[in-house]
Each structure stands twice: as structure tokens, then as C-alpha cells.
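Q: See target-v8.csv below, with CSV, C-alpha atoms and all ligand atoms.
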chain,number,residue,atom,x,y,z
A,535,MET,CA,22.9,6.3,24.2
A,536,LYS,CA,21.5,4.1,21.5
A,537,THR,CA,22.5,5.2,17.9
A,538,HIS,CA,20.4,4.0,15.0
A,539,ARG,CA,22.1,4.1,11.6
A,540,ILE,CA,19.8,5.3,8.9
A,541,ALA,CA,20.5,5.1,5.1
A,542,LEU,CA,18.7,8.0,3.4
A,543,TYR,CA,17.8,7.3,-0.2
A,544,PRO,CA,15.8,10.4,-1.2
A,545,GLY,CA,15.6,9.3,-4.9
A,546,ASP,CA,13.8,11.4,-7.5
A,547,GLY,CA,11.3,14.2,-7.8
A,548,ILE,CA,9.5,15.2,-4.6
A,549,GLY,CA,11.4,12.3,-2.9
A,550,THR,CA,14.2,14.7,-1.9
A,551,GLU,CA,11.8,17.3,-0.6
A,552,VAL,CA,9.8,14.9,1.6
A,553,VAL,CA,13.0,13.2,3.0
A,554,ASP,CA,14.4,16.6,4.0
A,555,ALA,CA,11.1,17.4,5.8
A,556,THR,CA,11.2,14.1,7.5
A,557,VAL,CA,14.8,14.5,8.7
A,558,THR,CA,13.8,17.9,10.2
A,559,VAL,CA,11.0,16.3,12.2
A,560,LEU,CA,13.1,13.3,13.2
A,561,ASP,CA,15.9,15.6,14.4
A,562,ALA,CA,13.4,17.7,16.4
A,563,VAL,CA,12.0,14.6,18.1
A,564,GLN,CA,15.4,13.2,19.0
A,565,GLN,CA,16.4,16.6,20.5
A,566,LYS,CA,13.2,16.8,22.5
A,567,LEU,CA,13.1,13.3,23.8
A,568,GLY,CA,16.8,12.4,24.1
A,569,GLY,CA,17.9,8.8,24.8
A,570,PHE,CA,18.6,7.9,21.2
A,571,GLN,CA,20.5,9.3,18.3
A,572,LEU,CA,19.9,9.0,14.5
A,573,ALA,CA,23.1,8.8,12.4
A,574,TYR,CA,22.2,9.4,8.8
A,575,GLU,CA,24.1,8.6,5.6
A,576,ARG,CA,22.7,10.0,2.4
A,577,PHE,CA,22.9,8.2,-1.0
A,578,ASP,CA,22.0,10.3,-4.0
A,579,TRP,CA,20.9,7.4,-6.1
A,580,GLY,CA,18.2,7.7,-8.8
A,581,MET,CA,18.3,10.3,-11.7
A,582,ALA,CA,21.2,12.2,-10.1
A,583,HIS,CA,23.3,9.1,-10.1
A,584,TYR,CA,22.1,8.2,-13.6
A,585,ASP,CA,23.3,11.6,-15.0
A,586,LYS,CA,26.8,10.9,-13.8
A,587,HIS,CA,27.2,7.2,-14.2
A,588,GLY,CA,24.5,6.0,-16.6
A,589,ARG,CA,22.8,3.8,-14.0
A,590,VAL,CA,20.4,4.7,-11.2
A,591,MET,CA,22.5,3.0,-8.4
A,592,PRO,CA,25.9,1.5,-8.0
A,593,GLU,CA,26.2,-2.2,-8.6
A,594,ASP,CA,27.1,-3.0,-5.0
A,595,PHE,CA,24.3,-0.8,-3.5
A,596,LEU,CA,22.8,-3.8,-1.5
A,597,THR,CA,26.2,-4.4,0.1
A,598,THR,CA,26.4,-0.7,1.0
A,599,LEU,CA,22.9,-0.8,2.6
A,600,LYS,CA,23.1,-4.1,4.5
A,601,PRO,CA,24.9,-2.8,7.6
A,602,PHE,CA,22.3,-0.1,8.3
A,603,ASP,CA,19.6,-0.4,11.0
A,604,ALA,CA,17.0,1.0,8.5
A,605,ILE,CA,16.7,2.5,5.1
A,606,PHE,CA,14.5,5.6,4.5
A,607,LEU,CA,13.4,6.1,0.9
A,608,GLY,CA,11.7,9.1,-0.7
A,609,ALA,CA,10.5,8.2,-4.2
A,610,VAL,CA,11.8,6.8,-7.4
A,611,GLY,CA,11.0,7.5,-11.0
A,612,TRP,CA,11.2,10.2,-13.7
A,613,PRO,CA,9.3,8.6,-16.6
A,614,ALA,CA,10.0,11.5,-19.1
A,615,ARG,CA,13.7,10.6,-18.9
A,616,LEU,CA,13.9,6.9,-18.0
A,617,PRO,CA,11.2,4.2,-18.2
A,618,ASP,CA,9.7,3.5,-14.7
A,619,HIS,CA,10.6,-0.2,-15.0
A,620,VAL,CA,14.3,0.9,-14.9
A,621,THR,CA,14.0,3.3,-12.0
A,622,LEU,CA,11.9,0.9,-9.9
A,623,VAL,CA,14.6,-1.8,-10.1
A,624,PRO,CA,16.5,-0.8,-6.9
A,625,LEU,CA,13.3,-0.7,-4.8
A,626,ILE,CA,12.2,-4.1,-6.0
A,627,LYS,CA,15.8,-5.5,-5.5
A,628,MET,CA,15.9,-4.2,-1.9
A,629,ARG,CA,12.5,-5.7,-1.1
A,630,GLN,CA,13.4,-9.1,-2.6
A,631,SER,CA,17.1,-9.4,-1.6
A,632,PHE,CA,16.5,-8.2,1.9
A,633,ASP,CA,13.4,-10.4,2.2
A,634,LEU,CA,11.2,-7.4,3.1
A,635,TYR,CA,8.2,-9.5,2.6
A,636,ALA,CA,5.7,-7.6,4.8
A,637,CYS,CA,4.7,-4.3,3.3
A,638,VAL,CA,2.5,-2.5,5.8
A,639,ARG,CA,0.5,0.5,4.5
A,640,PRO,CA,-1.9,2.1,6.9
A,641,ALA,CA,-4.4,4.7,5.8
A,642,ARG,CA,-6.8,6.7,8.0
A,643,THR,CA,-8.9,9.8,7.9
A,644,PHE,CA,-7.8,12.8,9.9
A,645,PRO,CA,-10.0,15.4,11.5
A,646,GLY,CA,-9.5,18.6,9.4
A,647,VAL,CA,-8.6,16.7,6.2
A,648,PRO,CA,-11.4,16.5,3.6
A,649,HIS,CA,-11.9,13.2,1.8
A,650,PRO,CA,-14.0,12.5,-1.3
A,651,LEU,CA,-16.7,10.2,0.3
A,652,ARG,CA,-20.1,11.2,1.4
A,653,SER,CA,-20.0,9.2,4.7
A,654,ASP,CA,-18.2,10.8,7.6
A,655,GLU,CA,-17.5,7.5,9.3
A,656,PRO,CA,-13.8,7.5,10.3
A,657,ILE,CA,-11.6,5.1,8.2
A,658,ASP,CA,-8.7,3.3,9.7
A,659,VAL,CA,-7.3,0.4,7.6
A,660,VAL,CA,-4.0,-1.3,7.0
A,661,VAL,CA,-3.1,-2.9,3.7
A,662,VAL,CA,-0.6,-5.7,4.2
A,663,ARG,CA,1.0,-6.4,0.9
A,664,GLU,CA,3.0,-9.5,0.1
A,665,ASN,CA,6.3,-7.8,-1.0
A,666,SER,CA,8.7,-10.4,-2.1
A,667,GLU,CA,7.1,-12.5,-4.8
A,668,GLY,CA,3.8,-12.7,-6.7
A,669,GLU,CA,3.3,-10.6,-9.8
A,670,TYR,CA,6.6,-8.6,-9.2
A,671,THR,CA,8.9,-11.6,-9.6
A,672,ASP,CA,11.4,-11.0,-12.4
A,673,ASN,CA,10.2,-13.9,-14.4
A,674,GLY,CA,9.4,-13.6,-18.1
A,675,GLY,CA,10.6,-12.5,-21.5
A,676,PHE,CA,9.8,-11.3,-25.0
A,677,PHE,CA,9.5,-13.6,-28.0
A,678,SER,CA,10.1,-12.0,-31.5
A,679,PRO,CA,10.3,-8.5,-30.0
A,680,GLY,CA,9.2,-5.6,-32.2
A,681,THR,CA,7.5,-7.9,-34.7
A,682,PRO,CA,3.8,-8.4,-35.3
A,683,ASN,CA,4.2,-11.9,-33.7
A,684,GLU,CA,5.7,-10.5,-30.5
A,685,VAL,CA,4.8,-12.3,-27.3
A,686,ALA,CA,5.4,-11.1,-23.8
A,687,LEU,CA,5.3,-13.5,-21.0
A,688,GLN,CA,5.4,-12.6,-17.3
A,689,THR,CA,4.8,-15.3,-14.8
A,690,ALA,CA,3.7,-14.6,-11.2
A,691,VAL,CA,5.2,-16.8,-8.5
A,692,HIS,CA,3.2,-17.6,-5.4
A,693,THR,CA,5.0,-20.0,-3.0
A,694,ARG,CA,3.3,-21.7,-0.1
A,695,ARG,CA,6.0,-20.4,2.2
A,696,GLY,CA,5.5,-16.8,0.9
A,697,VAL,CA,1.7,-17.0,1.2
A,698,GLU,CA,1.8,-18.6,4.6
A,699,ARG,CA,4.1,-16.1,6.1
A,700,ILE,CA,2.3,-13.0,4.9
A,701,LEU,CA,-1.1,-14.4,6.0
A,702,ARG,CA,0.4,-15.1,9.5
A,703,PHE,CA,1.8,-11.6,9.6
A,704,ALA,CA,-1.6,-10.1,8.7
A,705,PHE,CA,-3.5,-12.3,11.2
A,706,ALA,CA,-1.1,-11.2,13.9
A,707,LEU,CA,-1.6,-7.6,13.0
A,708,ALA,CA,-5.4,-7.9,12.9
A,709,ARG,CA,-5.2,-9.5,16.4
A,710,LYS,CA,-3.5,-6.3,17.7
A,711,ARG,CA,-6.2,-4.2,16.1
A,712,ARG,CA,-9.9,-4.7,15.5
A,713,LYS,CA,-9.5,-8.4,14.8
A,714,LYS,CA,-10.9,-8.4,11.3
A,715,LEU,CA,-8.9,-9.7,8.3
A,716,THR,CA,-10.0,-9.4,4.7
A,717,MET,CA,-8.1,-11.4,2.1
A,718,ILE,CA,-8.1,-10.1,-1.5
A,719,THR,CA,-7.6,-12.5,-4.4
A,720,LYS,CA,-9.0,-13.2,-7.8
A,721,SER,CA,-9.3,-17.0,-7.3
A,722,ASN,CA,-12.4,-17.3,-9.4
A,723,ALA,CA,-10.3,-16.5,-12.5
A,724,GLN,CA,-6.8,-17.2,-11.5
A,725,LYS,CA,-7.4,-20.8,-10.5
A,726,TYR,CA,-3.9,-21.8,-9.3
A,727,SER,CA,-2.2,-18.9,-7.6
A,728,TYR,CA,-5.0,-17.5,-5.7
A,729,VAL,CA,-6.6,-20.9,-5.0
A,730,LEU,CA,-3.4,-21.5,-3.1
A,731,TRP,CA,-4.1,-18.3,-1.1
A,732,ASP,CA,-7.6,-19.6,-0.4
A,733,ARG,CA,-6.3,-23.0,0.8
A,734,VAL,CA,-3.6,-21.5,3.1
A,735,LEU,CA,-6.1,-19.1,4.7
A,736,VAL,CA,-8.4,-22.0,5.6
A,737,GLU,CA,-5.4,-23.9,7.0
A,738,LEU,CA,-4.2,-21.0,9.2
A,739,ALA,CA,-7.6,-19.8,10.4
A,740,PRO,CA,-7.9,-22.2,13.4
A,741,GLU,CA,-4.7,-20.7,14.8
A,742,PHE,CA,-6.4,-17.3,15.0
A,743,PRO,CA,-10.0,-18.1,16.2
A,744,ASP,CA,-10.3,-14.6,17.6
A,745,VAL,CA,-9.9,-13.0,14.2
A,746,ALA,CA,-12.9,-12.6,11.9
A,747,ILE,CA,-12.1,-13.5,8.3
A,748,ASP,CA,-13.6,-12.2,5.1
A,749,LYS,CA,-12.6,-12.8,1.5
A,750,LEU,CA,-13.2,-10.6,-1.5
A,751,HIS,CA,-12.1,-10.7,-5.1
A,752,ILE,CA,-10.0,-7.7,-6.2
A,753,ASP,CA,-12.9,-6.3,-8.3
A,754,ALA,CA,-15.4,-6.4,-5.5
A,755,ALA,CA,-12.8,-5.1,-3.0
A,756,THR,CA,-12.3,-1.9,-5.1
A,757,LEU,CA,-16.0,-1.4,-5.0
A,758,GLU,CA,-16.5,-2.1,-1.3
A,759,LEU,CA,-13.5,0.1,-0.4
A,760,VAL,CA,-15.4,3.0,-1.9
A,761,ARG,CA,-18.8,2.1,-0.6
A,762,ARG,CA,-17.9,1.0,3.0
A,763,PRO,CA,-14.2,1.6,3.7
A,764,HIS,CA,-14.9,2.2,7.4
A,765,THR,CA,-15.8,-1.5,7.8
A,766,PHE,CA,-12.4,-2.8,6.9
A,767,ASP,CA,-9.6,-3.3,9.4
A,768,VAL,CA,-6.6,-5.3,8.0
A,769,ILE,CA,-6.6,-6.2,4.3
A,770,VAL,CA,-4.1,-8.7,3.0
A,771,GLY,CA,-3.2,-9.3,-0.7
A,772,SER,CA,-0.6,-10.2,-3.2
A,773,ASN,CA,2.2,-7.8,-4.3
A,774,LEU,CA,0.2,-6.3,-7.2
A,775,PHE,CA,-3.2,-6.2,-5.4
A,776,GLY,CA,-1.6,-4.6,-2.3
A,777,ASP,CA,0.0,-2.0,-4.4
A,778,ILE,CA,-3.2,-1.1,-6.2
A,779,LEU,CA,-5.4,-1.2,-3.0
A,780,SER,CA,-3.0,1.0,-1.1
A,781,ASP,CA,-3.4,3.8,-3.6
A,782,LEU,CA,-7.2,3.4,-3.3
A,783,THR,CA,-7.1,3.6,0.5
A,784,GLY,CA,-5.0,6.7,0.2
A,785,GLY,CA,-7.5,8.2,-2.2
A,786,VAL,CA,-10.6,7.5,-0.1
A,787,THR,CA,-8.9,8.9,3.1
A,788,GLY,CA,-8.0,12.2,1.5
A,789,SER,CA,-4.7,12.0,-0.3
A,790,LEU,CA,-1.9,9.6,-1.1
A,791,GLY,CA,0.4,12.2,0.3
A,792,LEU,CA,-0.7,11.3,3.8
A,793,ASN,CA,0.1,7.6,3.6
A,794,PRO,CA,3.2,6.0,5.2
A,795,SER,CA,4.6,2.5,4.6
A,796,ALA,CA,7.0,0.0,6.1
A,797,ASN,CA,8.7,-2.8,4.1
A,798,LEU,CA,9.6,-5.2,6.9
A,799,ASN,CA,11.9,-8.1,7.3
A,800,PRO,CA,10.1,-9.4,10.4
A,801,GLU,CA,13.0,-11.7,11.3
A,802,ARG,CA,15.3,-8.6,11.4
A,803,LYS,CA,18.0,-10.3,9.4
A,804,PHE,CA,18.2,-7.3,7.1
A,805,PRO,CA,17.5,-3.6,7.4
A,806,SER,CA,13.8,-2.8,6.9
A,807,LEU,CA,12.8,0.0,4.5
A,808,PHE,CA,10.4,2.9,5.1
A,809,GLU,CA,8.9,5.1,2.5
A,810,PRO,CA,5.8,7.2,1.7
A,811,VAL,CA,3.4,5.3,-0.5
A,812,HIS,CA,3.4,8.1,-3.1
A,813,GLY,CA,5.7,8.3,-6.0
A,814,SER,CA,8.1,11.0,-7.3
A,815,ALA,CA,5.3,13.3,-8.7
A,816,PRO,CA,7.4,15.1,-11.3
A,817,ASP,CA,4.5,17.5,-12.0
A,818,ILE,CA,5.0,19.2,-8.7
A,819,ALA,CA,8.7,18.4,-8.1
A,820,GLY,CA,10.8,21.5,-7.1
A,821,LYS,CA,7.7,23.6,-6.4
A,822,GLY,CA,8.0,23.1,-2.6
A,823,ILE,CA,4.4,22.1,-2.3
A,824,ALA,CA,4.7,18.3,-1.8
A,825,ASN,CA,2.8,16.9,1.2
A,826,PRO,CA,5.5,15.5,3.5
A,827,THR,CA,3.0,13.9,5.9
A,828,GLY,CA,3.2,10.4,4.4
A,829,ALA,CA,7.0,10.5,4.6
A,830,ILE,CA,7.0,11.9,8.2
A,831,LEU,CA,4.5,9.2,9.3
A,832,SER,CA,6.9,6.6,7.6
A,833,GLY,CA,9.6,8.1,9.9
A,834,ALA,CA,7.3,7.3,12.9
A,835,MET,CA,6.9,3.7,11.6
A,836,MET,CA,10.7,3.5,11.4
A,837,LEU,CA,11.2,4.8,15.0
A,838,GLU,CA,8.6,2.3,16.3
A,839,TRP,CA,10.4,-0.5,14.5
A,840,LEU,CA,13.8,0.7,15.9
A,841,GLY,CA,12.4,0.4,19.4
A,842,GLU,CA,11.5,4.1,20.0
A,843,PRO,CA,7.7,3.9,20.4
A,844,LYS,CA,7.5,7.1,22.5
A,845,ALA,CA,9.2,9.1,19.7
A,846,ALA,CA,6.9,7.5,17.1
A,847,ALA,CA,3.8,8.3,19.1
A,848,MET,CA,5.0,11.9,19.5
A,849,ILE,CA,5.2,12.3,15.7
A,850,ARG,CA,1.8,10.8,15.1
A,851,SER,CA,0.1,13.1,17.6
A,852,ALA,CA,1.9,16.1,16.2
A,853,VAL,CA,0.8,15.3,12.7
A,854,GLU,CA,-2.8,14.8,13.9
A,855,ARG,CA,-2.8,18.2,15.7
A,856,ALA,CA,-1.1,20.1,12.8
A,857,LEU,CA,-3.6,18.7,10.3
A,858,ALA,CA,-6.5,19.5,12.6
A,859,VAL,CA,-5.6,23.2,12.7
A,860,GLY,CA,-6.2,23.2,8.9
A,861,ASN,CA,-4.1,26.3,7.9
A,862,SER,CA,-1.0,24.1,7.5
A,863,SER,CA,-2.5,21.8,4.9
A,864,THR,CA,-0.8,21.4,1.5
A,865,PRO,CA,-2.8,21.8,-1.8
A,866,ASP,CA,-3.4,18.0,-2.2
A,867,ILE,CA,-5.6,18.2,0.9
A,868,GLY,CA,-7.2,21.5,0.0
A,869,GLY,CA,-4.9,23.9,1.8
A,870,LYS,CA,-2.4,26.6,0.7
A,871,ALA,CA,0.6,25.7,2.8
A,872,ASN,CA,3.9,24.6,1.4
A,873,THR,CA,6.1,21.7,2.4
A,874,GLN,CA,8.2,23.9,4.7
A,875,GLN,CA,5.1,25.4,6.4
A,876,ILE,CA,3.5,22.0,7.2
A,877,THR,CA,6.8,20.7,8.4
A,878,GLU,CA,7.2,23.6,10.7
A,879,ALA,CA,3.7,23.2,12.0
A,880,ILE,CA,4.3,19.6,12.8
A,881,VAL,CA,7.6,20.4,14.6
A,882,LYS,CA,5.7,23.1,16.6
A,883,GLN,CA,3.1,20.5,17.6
A,884,LEU,CA,5.8,18.2,19.0
A,885,GLY,CA,5.3,20.1,22.2
A,901,LIG,N1,7.7,6.1,-2.4
A,901,LIG,C1,8.3,5.1,-3.2
A,901,LIG,C2,7.9,5.2,-4.7
A,901,LIG,O1,8.5,6.0,-5.4
A,901,LIG,N2,6.9,4.4,-5.1
A,901,LIG,C3,6.5,4.5,-6.5
A,901,LIG,C4,6.1,3.2,-7.0
A,901,LIG,O2,5.6,3.1,-8.1
A,901,LIG,N3,6.3,2.1,-6.3
A,901,LIG,C5,5.9,0.8,-6.7
A,901,LIG,C6,5.8,-0.1,-5.6
A,901,LIG,O3,5.6,0.3,-4.5
A,901,LIG,O4,5.9,-1.3,-5.9
Let me see the structure of the file written as C-alpha cells.
A:
Amino acid sequence: MKTHRIALYPGDGIGTEVVDATVTVLDAVQQKLGGFQLAYERFDWGMAHYDKHGRVMPEDFLTTLKPFDAIFLGAVGWPARLPDHVTLVPLIKMRQSFDLYACVRPARTFPGVPHPLRSDEPIDVVVVRENSEGEYTDNGGFFSPGTPNEVALQTAVHTRRGVERILRFAFALARKRRKKLTMITKSNAQKYSYVLWDRVLVELAPEFPDVAIDKLHIDAATLELVRRPHTFDVIVGSNLFGDILSDLTGGVTGSLGLNPSANLNPERKFPSLFEPVHGSAPDIAGKGIANPTGAILSGAMMLEWLGEPKAAAMIRSAVERALAVGNSSTPDIGGKANTQQITEAIVKQLG
């Protein structure tokens, strides 16, 4: 029987709650289907580690994680205690050191889940976010810190190799879906970095003649994703734009709590990382009302990646059925159920 080794990194706030819920569902699926096993190892990094050791993760954490088949993360951050730019470091380090350059963030509407838009057209989009460079490169510094003359410099890095590989990935994904790719830039104002994106898109397009291409600047994209989100299929953008747009696609489809994500190393040289799109939500942490759906669907993405498509499909259908019933919805999607109740409802729907 195939065993997949999973590193669990629950992190902070509701991260631990949604990871526990996901493990419950993953365990139920493996018991029902058989044929594979998940062997977890749990790492209590984040604020818990900081309290004991004065840092959010051990220095050698990447060496610890490298032998795993996949990493499953809950959420990071507790801004009242430590600045977010400190708690986010391990996540960015994993993405950059393990070359997890393709961040895949699907968002869709679900029958039974209200969303804030007037139109009832179903929405089904995937944001593909460049995940290894761009605006999240650790490249900058302060000059004369704390003085009236202070200068902060932060330089984004966009390499031809980085842009080309993420566009190829997005084209290939669009080809498997509704064959429509929208690239987001701000090349009218950022005349070097995003002009490179424009050029590479034109160069690659002939390789994908069956994929219809559209381009939008980030400002227009935010407007159009509210006005006509159902017309989008695959959206590709830089690290920062992908991060922003995937919160928006979460918002227009009902709740960020529903959205999964995969941080992939498509060449499989390193373990890929799976996490809900949402953060640690300190305001509701410990109350037992977090929506675990985004994390559970991230678990489905992980199983698909690990070569267990049947198990992944089983989870997706169970989530869909549980949400359609309605009485198992958490408060973020207008219901009264708690994390445990929606998790039990999903397990029940596994059939
Ligand atoms: N679920 C992971 C998490 O905590 N995300 C919060 C966040 O701010 N992430 C930033 C990013 O994805 O770059």
C-alpha cells in the first residue's frame, strides 16, 4: 500500500482548528477508500514555537521538511504579538527555497452558499499566482531609519525564466478547463517588469492557439471581477497581484473560508505545499467557528497531487453536498454551525 508522508504545519490562530478538521476528513477518506495511507508528522511552529524559543520556526526547518511528500499548512500570523512580516517568513521561505512557483487558487460558487453579487451566474475561476519572485523577493532596505529623511526601498524581481514558466503553467491549466486565460499586470505604469510579462505572453501564445487570451491591468481586473466574475476562467498574475485577486475571488464567491490553494513545484523536486487561502483570523481563533472548507478542499488538492484523484473527488463532492444542505454552514457563509458540525457533515457525505 502506498504511504504518503505529510508534514502538518498548523501554525497560528484558526490554523490549528482547520488543520484538525482536515485531518479528520482525510482519515475518513483513507479508511473508506483504502489503497493508500497518510503518515502525518506535526510541527508546532509559529507562535507556540516563538513562546518557547524566541523564533517562529527552527533554523533548519527546510531540511526537516524536504523529505516529506507534501506539506499541509493552516495559517500564520498573530499581529497583536508579532509583526506579520516576521510570522510570514517561513511561508515565503518554503515557497522560494522549494521553488513552489505555481500557486493555484481556485474559487467557485456553491449551491446553498450565498454570495454578495446580484447575478446568479455560477462563478468558477482559478487564480494562478507567480509564487517565487516578483514583489515578494527579499530585496531592499532602509536608509536613515527612524529619521525624517528615512527612505525605504523594495525592488521587485521579474525574471524571464520566472515569467515564462508561470505563463506556460497557466496556459496548460486553461487548456484543461474552459480555454480562457486572462493575464493581469500594470504595464501601463510599471514599464519594465510588466512589459516583460506582456512580451513573454505574446511569445508563448502561438504554442497555445486553442486558448483565448485577454489582458487586464490590475485596477480594471478588480472592477471586472466584481462586475462579471462568471466570464473569467484562468487568471494569471504576479506574486502580489495573485495574492490580492485571490482574496477578491474568495469574496465574490461567498467567503475566503471556502478557498483552497496549492503551492506547487511542478517538477516535483521538492514537496509541494497546500493551505487554505485565508489567514489566522485571531478575532475568531479558539471559538470553534472557523470555516474549515478551504482547508479541507486544500486537502483534496493535495490528494490529487499525490496521485489519489478518486479520494480528491470524493472530498469535493462531499463538501458540495454538505454545503447544499445549508444547516451545516458556518457563520462566515450565513449559517450557525461550528467547525466540528460542518466537518461531521462533510464526513457523513463521504458516503
Ligand atoms: N493560509 C496561509 C496564511 O496564513 N496566509 C496568510 C497570508 O497573509 N499569506 C500571505 C501570502 O499568501 O503570501
Q: Using only C-alpha atoms and all ligand atoms, which residues of chain A come within 6 Å of ligand LIG 901 (chain A), and what is the closest atom pair for each, with the distance in Å to one decimal? Give it as CSV, sorted by chain and residue number.
A:
residue,atom,partner,partner_atom,distance
A:Gly608,CA,A:LIG901,N1,5.3
A:Ala609,CA,A:LIG901,O1,3.2
A:Val610,CA,A:LIG901,O1,3.9
A:Glu809,CA,A:LIG901,N1,5.1
A:Pro810,CA,A:LIG901,N1,4.7
A:Val811,CA,A:LIG901,N1,4.8
A:His812,CA,A:LIG901,N1,4.8
A:Gly813,CA,A:LIG901,O1,3.7
A:Ser814,CA,A:LIG901,O1,5.4
Q: For segment 553-556 of chain A, find every residue with an atom within 8 Å (counting only C-alpha atoms), except residues of its own chain fewer than 3 positions away, and show them as an NGL selection string.
A: :A and (542 or 544 or 549-550 or 559-560 or 606-608 or 826 or 829-830 or 833 or 873-874 or 877)
Q: Rounded to one decimal in Å, what is the spacing between atom CA of Ala871 of chain A and atom CA of Leu651 of chain A?
A: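 One can read the atom CA of Ala871 of chain A to atom CA of Leu651 of chain A distance as 23.4 Å.
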Q: Go through A:Ala819, A:Val557, A:Val786, A:Ala708 one by one, measure the shortest atom-to-atom distance of each to Asp654 of chain A using all atoms listed in the file, and give the residue with the smallest value.
A: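 Closest to Asp654 of chain A of all the choices is A:Val786.
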Q: My list of candidates is A:Pro794, A:Gly771, A:Pro613, A:Pro645. Which is closest to Tyr728 of chain A when distances are computed with all atoms listed in the file?
A: A:Gly771
Q: Using only C-alpha atoms, determine which residues lie at most 12 Å from Pro592 of chain A, disregarding the query and same-chain residues fewer than 6 positions distant; provide the list as an MDAnalysis selection string.
A: chainID A and resid 577:580 582:584 586 598:599 623:624
Q: Env of Pro800 of chain A: 12 Å cut, atoms = all atoms listed in the file, seq-sep filter 2 positions within chain, self excluded. Answer as a VMD selection string.
A: chain A and resid 632 to 638 699 to 700 702 to 704 706 796 to 798 802 to 807 839
Q: Export C-alpha atoms of the chosen residues as a PDB file, in the frame of the given file?
A:
ATOM      1  CA  PHE A 632      16.500  -8.200   1.900  1.00  0.00           C
ATOM      2  CA  ASP A 633      13.400 -10.400   2.200  1.00  0.00           C
ATOM      3  CA  LEU A 634      11.200  -7.400   3.100  1.00  0.00           C
ATOM      4  CA  TYR A 635       8.200  -9.500   2.600  1.00  0.00           C
ATOM      5  CA  ALA A 636       5.700  -7.600   4.800  1.00  0.00           C
ATOM      6  CA  CYS A 637       4.700  -4.300   3.300  1.00  0.00           C
ATOM      7  CA  VAL A 638       2.500  -2.500   5.800  1.00  0.00           C
ATOM      8  CA  ARG A 699       4.100 -16.100   6.100  1.00  0.00           C
ATOM      9  CA  ILE A 700       2.300 -13.000   4.900  1.00  0.00           C
ATOM     10  CA  ARG A 702       0.400 -15.100   9.500  1.00  0.00           C
ATOM     11  CA  PHE A 703       1.800 -11.600   9.600  1.00  0.00           C
ATOM     12  CA  ALA A 704      -1.600 -10.100   8.700  1.00  0.00           C
ATOM     13  CA  ALA A 706      -1.100 -11.200  13.900  1.00  0.00           C
ATOM     14  CA  ALA A 796       7.000   0.000   6.100  1.00  0.00           C
ATOM     15  CA  ASN A 797       8.700  -2.800   4.100  1.00  0.00           C
ATOM     16  CA  LEU A 798       9.600  -5.200   6.900  1.00  0.00           C
ATOM     17  CA  ARG A 802      15.300  -8.600  11.400  1.00  0.00           C
ATOM     18  CA  LYS A 803      18.000 -10.300   9.400  1.00  0.00           C
ATOM     19  CA  PHE A 804      18.200  -7.300   7.100  1.00  0.00           C
ATOM     20  CA  PRO A 805      17.500  -3.600   7.400  1.00  0.00           C
ATOM     21  CA  SER A 806      13.800  -2.800   6.900  1.00  0.00           C
ATOM     22  CA  LEU A 807      12.800   0.000   4.500  1.00  0.00           C
ATOM     23  CA  TRP A 839      10.400  -0.500  14.500  1.00  0.00           C
TER      24      TRP A 839
END
Q: Which residues are close to Val647 of chain A, i.e. within 10 Å by only C-alpha atoms, leaving aside same-chain residues fewer than 6 positions away? Reply as a PyMOL selection string.
A: chain A and resi 787-789+792+854+857-860+863+866-869
Q: Taking (6.9, 12.7, 22.0) in the file's coordinates, which residues come within 9 Å, counting all atoms listed in the file, written as a list in words?
A: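 In the file's frame, the residues around the point are Val563, Lys566, Leu567, Pro843, Lys844, Ala845, Ala846, Ala847, Met848, Ile849, Arg850, Ser851, Ala852, Leu884 and Gly885 of chain A.
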Q: Just how far from atom CA of Gly791 of chain A is atom CA of Asn861 of chain A, in Å to one decimal?
A: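 Atom CA of Asn861 of chain A sits 16.6 Å away from atom CA of Gly791 of chain A.
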Q: List the neighbours of segment 668-683 of chain A out to 8 Å using all atoms listed in the file; skip same-chain residues closer than 3 positions along the sequence, and give me the result as a VMD selection string.
A: chain A and resid 626 664 to 665 686 to 692 772 to 774
Q: Which distance in Å separates atom CA of Asn793 of chain A and atom CA of Thr756 of chain A, to one decimal?
A: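 Pair atom CA of Asn793 of chain A / atom CA of Thr756 of chain A returns 17.9 Å.
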Q: Between A:Met535, A:Ala604, A:Leu750, A:Met581, which residue has the minimum interatomic distance to Met836 of chain A, considering only C-alpha atoms?
A: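 The closest residue to Met836 of chain A is A:Ala604.
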